[in-house]
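**Q** First the structure, which I've put down as structure tokens, then a few questions once you've had a look.
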Amino acid sequence: MVPSKNWARMCGLLVAMLAPMSAEFAWARFEPATCKNAFTPEQELTEGQKVAAQVYHQMPVLPDSDPVTRYVQQLGARLVQHAPGARWPYNFHVVASSDINAFALPGGSVFVNLGTVQAAETEGQLAGVMAHEISHVVQRHSTCNITKQQGQKVLYGIGSVLSSVLLGSGTAGTLAQSALGLGQSLTFLRMSRDDEKQADLLGTGILYDSGYDPRGLPQFFEIIQAKSGSGGAQFLSDHPNPGNRTEYVDAEIATLPRHSDAVVTTAEFKRVHPLAMAETALSSKDVDAGLWKKSGRYASGPSGVAGVVSEPVVAGQAGSVQGGGPERSGSAGRLSQSALGIDGKMTRLQAARFVLDYPAAWQKQVDASGTVILAPVGGAGATGIVYGALIDLEKQSGDGVTDAASLKAATAMLVQRLSEQNAGLTQVGEVTALTVQGRMANSVELRGKSPVVEAGAALTERDWLVTIARADGDVNYIVFVSPERDFALMKPTFTKMMKSFVAQ
Ligand code: ZN
């Protein structure tokens with residue numbers, strides 16, 4: 001648990017707000033629980049925003065100028081005034097999907113499907129669903145869940161796990177797929193029943209404090225339940241019913257004094273609801289098919305989000321990143337040779353404990369744990385590393401790596417852990433010995449699934465792991481990543497990078 005005072009110190013963007021709710025109110029209120037969380041609030045915000053950017057690539061998000069979006073944003077702004085906990089930079093968006101669903105990303109981006117707005121009969125019902133989502137943000141459920149799932153058995157340190165799970169890294173291709181689903185659902189957002197109960201109870205409080213009749217929440221659950229038979233409510237698989245949902249929410253509501261002027265619905269809802277009904281809501285099949293991307297009707301990315309945190313550092317010449325987007329041919333993620341930096345100019349990376357040359361056209365990203373990701377523009381990002389390299393340090397116990405045998409054992413251990421954490425990643429060929437700048441090194445290749453999906457199937461990915469014995473007994477390692485079909489093309493560049501590696 002991170003005390004809230006430290007939050008404020010650790011993260012300038014977030015002003016910690018104490019939530020002495022039970023002290024201020026005479027009646028018993030649900031207190032948000034805290035859970036073990038390996039993410040700093042700043043990481044949570046940064047990574048949540050990266051995932052939000054990805055949502056725009058995978059889902060038809062209505063532009064902020066849309067009247068339904070504007071209405072949902074106003075409603076959200078009203079609700080978050082009554083959200084306890086840290087003041088995340090909440091922002092609200094509408095996805096043109098007919099599924100009755102809503103989801104909240106770590107750090108405060110809340111997406112409400114058009115199907116949800118259409119299904120709501122009153123503003124209080126819609127506000128109830130949104131208050132439930134806000135409650136997941138308040139309680140930091142998704143990052144707590146990632147922390148729980150990953151435990152201590154993490155290969156790259158938490159910063160990279162976060163990238164792997166939220167964004168997908170190339171060597172964690174499977175994680176990327178299970179996490180982001182690449183066009184399917186955001187499975188890490190699937191909440192446990194306990195999370196659900198907490199979000200229901202906290203959401204009831206937020207709804208009530210915002211002036212609504214809190215019965216809007218259980219009423220909406222009933223609507224969802226009634227429609228789930230016809231397969232229209234994805235909400236229930238992302239937000240499973242903890243059992244007795246209506247009963248415990250009703251019991252919570254019974255503890256709250258009734259206000260005769262509690263809002264059930266508004267004139268604004270009555271004005272906007274027909275507009276929402278008239279909007280095109282796409283089936284999940286149509287959302288996945290992605291033809292909507294060509295329509296130009298939907299937003300290309302988040303805008304006007306408060307507290308945007310820095311993008312990955314861009315190395316190299318500005319010219320290489322002009323155009324603002326990945327240099328792709330089609331949606332396959334295949335990059336041009338100039339973007340890949342093949343035969344191009346190299347630049348030197350001076351990292352905390354090593355130096356390395358890499359193509360000047362590439363970008364670098366260094367996370368809190370010191371993991372370095374180098375990748376061409378468009379070669380890594382929200383869908384993971386497609387082309388690029390990940391460099392990290394593996395601490396060794398005892399004397400560490402002192403000879404060929406201990407290096408080989410350390411390499412085997414890394415291969416095993418890579419495979420364990422990336423189902424489908426298998427070693428190709430034997431581990432071979434080499435020297436890198438006079439240091440003992442090992443080389444081994446692995447094959448797995450690329451984050452790139454073509455014609456409905458993941459491409460095969462080739463990973464090249466190089467381990468280098470350090471003078472201090474620890475091991476540096478580099479994982480080079482490329483789709484298998486381009487691996488031969490990339491290998492000379494990877495080799496140049498590898499040969500330039502000097503541990504410090
Ligand atoms: Zn939920």
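FYI, nothing fancy with the structure tokens labels: chains A, B, ... in order, residues from 1 per chain, ligands from 1 as they appear.
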Residues contacting ligand 1 - anything with an atom at most 9 Å away, using only C-alpha atoms and all ligand atoms - can you give me those as a list in words?
**A**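 Answer in the requested format: Ala102, Phe103, Ala104, Val129, His132, Glu133, Ser135, His136, Leu189, Arg190, Met191, Ser192, Arg193, Asp195, Glu196, Lys197, Gln198, Ala199, Asp200, Phe235, Leu236, Asp238, His239, Pro240 and Asn241 of chain A.
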**Q** Can I get the selected residues back with N, CA and C atoms, as a PDB file, in the first residue's frame?
**A**
ATOM      1  N   ALA A 102     -18.807  -0.901 -20.819  1.00  0.00           N
ATOM      2  CA  ALA A 102     -18.044   0.293 -20.496  1.00  0.00           C
ATOM      3  C   ALA A 102     -16.762  -0.200 -19.862  1.00  0.00           C
ATOM      4  N   PHE A 103     -15.684   0.539 -20.000  1.00  0.00           N
ATOM      5  CA  PHE A 103     -14.457   0.147 -19.314  1.00  0.00           C
ATOM      6  C   PHE A 103     -13.652   1.381 -18.946  1.00  0.00           C
ATOM      7  N   ALA A 104     -12.871   1.209 -17.899  1.00  0.00           N
ATOM      8  CA  ALA A 104     -12.041   2.309 -17.412  1.00  0.00           C
ATOM      9  C   ALA A 104     -10.591   1.863 -17.463  1.00  0.00           C
ATOM     10  N   VAL A 129     -23.673   3.331 -14.162  1.00  0.00           N
ATOM     11  CA  VAL A 129     -22.613   2.558 -14.833  1.00  0.00           C
ATOM     12  C   VAL A 129     -21.306   3.334 -14.816  1.00  0.00           C
ATOM     13  N   HIS A 132     -19.714   3.308 -11.468  1.00  0.00           N
ATOM     14  CA  HIS A 132     -19.093   1.996 -11.271  1.00  0.00           C
ATOM     15  C   HIS A 132     -17.701   1.984 -11.920  1.00  0.00           C
ATOM     16  N   GLU A 133     -17.585   2.484 -13.142  1.00  0.00           N
ATOM     17  CA  GLU A 133     -16.285   2.518 -13.833  1.00  0.00           C
ATOM     18  C   GLU A 133     -15.304   3.432 -13.109  1.00  0.00           C
ATOM     19  N   SER A 135     -15.216   4.007 -10.096  1.00  0.00           N
ATOM     20  CA  SER A 135     -14.799   3.315  -8.880  1.00  0.00           C
ATOM     21  C   SER A 135     -13.655   2.337  -9.137  1.00  0.00           C
ATOM     22  N   HIS A 136     -13.628   1.724 -10.323  1.00  0.00           N
ATOM     23  CA  HIS A 136     -12.482   0.854 -10.656  1.00  0.00           C
ATOM     24  C   HIS A 136     -11.197   1.691 -10.732  1.00  0.00           C
ATOM     25  N   LEU A 189      -8.700  -5.970 -18.185  1.00  0.00           N
ATOM     26  CA  LEU A 189      -9.724  -5.164 -17.536  1.00  0.00           C
ATOM     27  C   LEU A 189     -10.851  -6.022 -16.983  1.00  0.00           C
ATOM     28  N   ARG A 190     -10.766  -7.336 -17.244  1.00  0.00           N
ATOM     29  CA  ARG A 190     -11.812  -8.198 -16.667  1.00  0.00           C
ATOM     30  C   ARG A 190     -11.615  -8.237 -15.164  1.00  0.00           C
ATOM     31  N   MET A 191     -12.626  -7.844 -14.488  1.00  0.00           N
ATOM     32  CA  MET A 191     -12.507  -7.673 -13.050  1.00  0.00           C
ATOM     33  C   MET A 191     -12.925  -8.929 -12.299  1.00  0.00           C
ATOM     34  N   SER A 192     -12.344  -9.075 -11.111  1.00  0.00           N
ATOM     35  CA  SER A 192     -12.767 -10.183 -10.268  1.00  0.00           C
ATOM     36  C   SER A 192     -14.122  -9.831  -9.647  1.00  0.00           C
ATOM     37  N   ARG A 193     -14.765 -10.841  -9.102  1.00  0.00           N
ATOM     38  CA  ARG A 193     -16.067 -10.584  -8.488  1.00  0.00           C
ATOM     39  C   ARG A 193     -15.927  -9.660  -7.278  1.00  0.00           C
ATOM     40  N   ASP A 195     -13.648  -7.285  -6.991  1.00  0.00           N
ATOM     41  CA  ASP A 195     -13.489  -5.930  -7.547  1.00  0.00           C
ATOM     42  C   ASP A 195     -14.855  -5.358  -7.904  1.00  0.00           C
ATOM     43  N   GLU A 196     -15.671  -6.225  -8.477  1.00  0.00           N
ATOM     44  CA  GLU A 196     -16.993  -5.783  -8.909  1.00  0.00           C
ATOM     45  C   GLU A 196     -17.841  -5.304  -7.748  1.00  0.00           C
ATOM     46  N   LYS A 197     -17.777  -6.086  -6.676  1.00  0.00           N
ATOM     47  CA  LYS A 197     -18.594  -5.715  -5.526  1.00  0.00           C
ATOM     48  C   LYS A 197     -18.133  -4.368  -4.975  1.00  0.00           C
ATOM     49  N   GLN A 198     -16.800  -4.207  -4.911  1.00  0.00           N
ATOM     50  CA  GLN A 198     -16.274  -2.929  -4.422  1.00  0.00           C
ATOM     51  C   GLN A 198     -16.697  -1.769  -5.323  1.00  0.00           C
ATOM     52  N   ALA A 199     -16.624  -1.997  -6.644  1.00  0.00           N
ATOM     53  CA  ALA A 199     -16.991  -0.921  -7.578  1.00  0.00           C
ATOM     54  C   ALA A 199     -18.487  -0.614  -7.489  1.00  0.00           C
ATOM     55  N   ASP A 200     -19.283  -1.646  -7.272  1.00  0.00           N
ATOM     56  CA  ASP A 200     -20.730  -1.422  -7.113  1.00  0.00           C
ATOM     57  C   ASP A 200     -21.010  -0.557  -5.882  1.00  0.00           C
ATOM     58  N   PHE A 235     -20.761  -6.330 -20.927  1.00  0.00           N
ATOM     59  CA  PHE A 235     -20.503  -5.809 -19.580  1.00  0.00           C
ATOM     60  C   PHE A 235     -20.386  -6.932 -18.559  1.00  0.00           C
ATOM     61  N   LEU A 236     -21.255  -7.950 -18.699  1.00  0.00           N
ATOM     62  CA  LEU A 236     -21.267  -9.010 -17.691  1.00  0.00           C
ATOM     63  C   LEU A 236     -20.039  -9.911 -17.752  1.00  0.00           C
ATOM     64  N   ASP A 238     -16.962  -8.696 -18.693  1.00  0.00           N
ATOM     65  CA  ASP A 238     -15.891  -7.842 -18.172  1.00  0.00           C
ATOM     66  C   ASP A 238     -16.115  -7.488 -16.706  1.00  0.00           C
ATOM     67  N   HIS A 239     -17.381  -7.435 -16.329  1.00  0.00           N
ATOM     68  CA  HIS A 239     -17.738  -7.051 -14.958  1.00  0.00           C
ATOM     69  C   HIS A 239     -18.691  -8.109 -14.398  1.00  0.00           C
ATOM     70  N   PRO A 240     -18.150  -9.265 -14.063  1.00  0.00           N
ATOM     71  CA  PRO A 240     -19.043 -10.369 -13.678  1.00  0.00           C
ATOM     72  C   PRO A 240     -19.862 -10.060 -12.425  1.00  0.00           C
ATOM     73  N   ASN A 241     -21.048 -10.587 -12.422  1.00  0.00           N
ATOM     74  CA  ASN A 241     -21.936 -10.416 -11.271  1.00  0.00           C
ATOM     75  C   ASN A 241     -21.376 -11.179 -10.081  1.00  0.00           C
TER      76      ASN A 241
END
**Q** For Thr116 (chain A), which residue out of A:Ala281, A:Thr493, A:Ser210, A:Leu390 is the nearest one, using only C-alpha atoms?
**A** A:Ala281
**Q** Quick one: contact table of region 236-311 of chain A to region 211-228 of chain A, 8 Å max, nearest atom pair and distance in Å to one decimal per residue, counting only C-alpha atoms, chain and number order, as CSV?
**A**
residue,atom,partner,partner_atom,distance
A:Leu236,CA,A:Ser228,CA,7.8
A:Arg245,CA,A:Pro218,CA,7.7
A:Thr246,CA,A:Pro218,CA,5.5
A:Val249,CA,A:Pro218,CA,6.7
A:Asp250,CA,A:Pro218,CA,7.4
A:Ile253,CA,A:Pro214,CA,6.7
A:His259,CA,A:Asp213,CA,7.9
A:Ala262,CA,A:Asp213,CA,4.9
A:Val263,CA,A:Tyr212,CA,4.4
A:Val264,CA,A:Asp213,CA,5.6
**Q** Please save N, CA and C atoms of the selected residues as a tab-separated table (two decimals), in the first residue's frame.
**A**
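The result, stored in selection.tsv:
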chain	number	residue	atom	x	y	z
A	236	LEU	N	-21.25	-7.95	-18.70
A	236	LEU	CA	-21.27	-9.01	-17.69
A	236	LEU	C	-20.04	-9.91	-17.75
A	245	ARG	N	-26.04	-9.26	-6.58
A	245	ARG	CA	-25.66	-7.88	-6.90
A	245	ARG	C	-26.75	-6.89	-6.48
A	246	THR	N	-27.94	-7.17	-6.96
A	246	THR	CA	-29.04	-6.26	-6.66
A	246	THR	C	-29.27	-6.17	-5.15
A	249	VAL	N	-26.47	-4.11	-3.33
A	249	VAL	CA	-26.55	-2.69	-3.69
A	249	VAL	C	-27.79	-2.08	-3.02
A	250	ASP	N	-28.88	-2.82	-3.05
A	250	ASP	CA	-30.09	-2.33	-2.37
A	250	ASP	C	-29.84	-2.13	-0.88
A	253	ILE	N	-27.91	0.98	-0.44
A	253	ILE	CA	-28.80	2.14	-0.66
A	253	ILE	C	-29.67	2.39	0.57
A	259	HIS	N	-33.26	11.34	-0.39
A	259	HIS	CA	-33.47	12.75	-0.71
A	259	HIS	C	-34.69	12.84	-1.63
A	262	ALA	N	-33.74	13.79	-5.21
A	262	ALA	CA	-32.73	13.00	-5.92
A	262	ALA	C	-33.07	12.90	-7.40
A	263	VAL	N	-32.06	13.04	-8.24
A	263	VAL	CA	-32.28	13.08	-9.69
A	263	VAL	C	-32.46	11.67	-10.24
A	264	VAL	N	-33.53	11.46	-10.97
A	264	VAL	CA	-33.75	10.20	-11.66
A	264	VAL	C	-33.33	10.36	-13.12
**Q** For region 269-279 of chain A, find every residue with an atom within 8 Å (counting only C-alpha atoms), except residues of its own chain fewer than 5 positions away, and show them as a list in words.
**A**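 Listed by chain and then number, they are Pro67, Val68, Tyr71, Ala96, Leu114, Val117, Gln118, Thr122 and Glu123 of chain A.
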**Q** Between CA of Gln74 (chain A) and CA of Val51 (chain A), what is the distance, to one decimal in Å?
**A**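 So the two atoms, CA of Gln74 (chain A) and CA of Val51 (chain A), lie 23.0 Å apart.
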**Q** Point out the residue among A:Glu47, A:Glu247, A:Asp261, A:Glu461 with the least atom-to-atom distance to Glu484 (chain A), counting only C-alpha atoms.
**A** A:Glu461
**Q** Ranking A:Arg439, A:Lys36, A:His93, A:Arg78 by minimum distance to Gly301 (chain A) and counting only C-alpha atoms, which one comes first?
**A**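 Counting only C-alpha atoms, the residue closest to Gly301 (chain A) is A:His93.
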**Q** Between A:Ala471, A:Ala361, A:Val95, A:Ala77, which one has atoms that come closest to Leu282 (chain A), using only C-alpha atoms?
**A**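 Going through A:Ala471, A:Ala361, A:Val95, A:Ala77 one by one, the smallest distance to Leu282 (chain A) is for A:Val95.
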**Q** Excluding same-chain residues fewer than 2 positions from Ser284 (chain A), what lies within 7 Å of it counting only C-alpha atoms, as a ChimeraX atom specification?
**A** /A:97,99,282,286-288
**Q** Tell me which of A:Thr280, A:Leu393, A:Val355, A:Val444 sits closest to Arg297 (chain A), counting only C-alpha atoms.
**A** A:Thr280
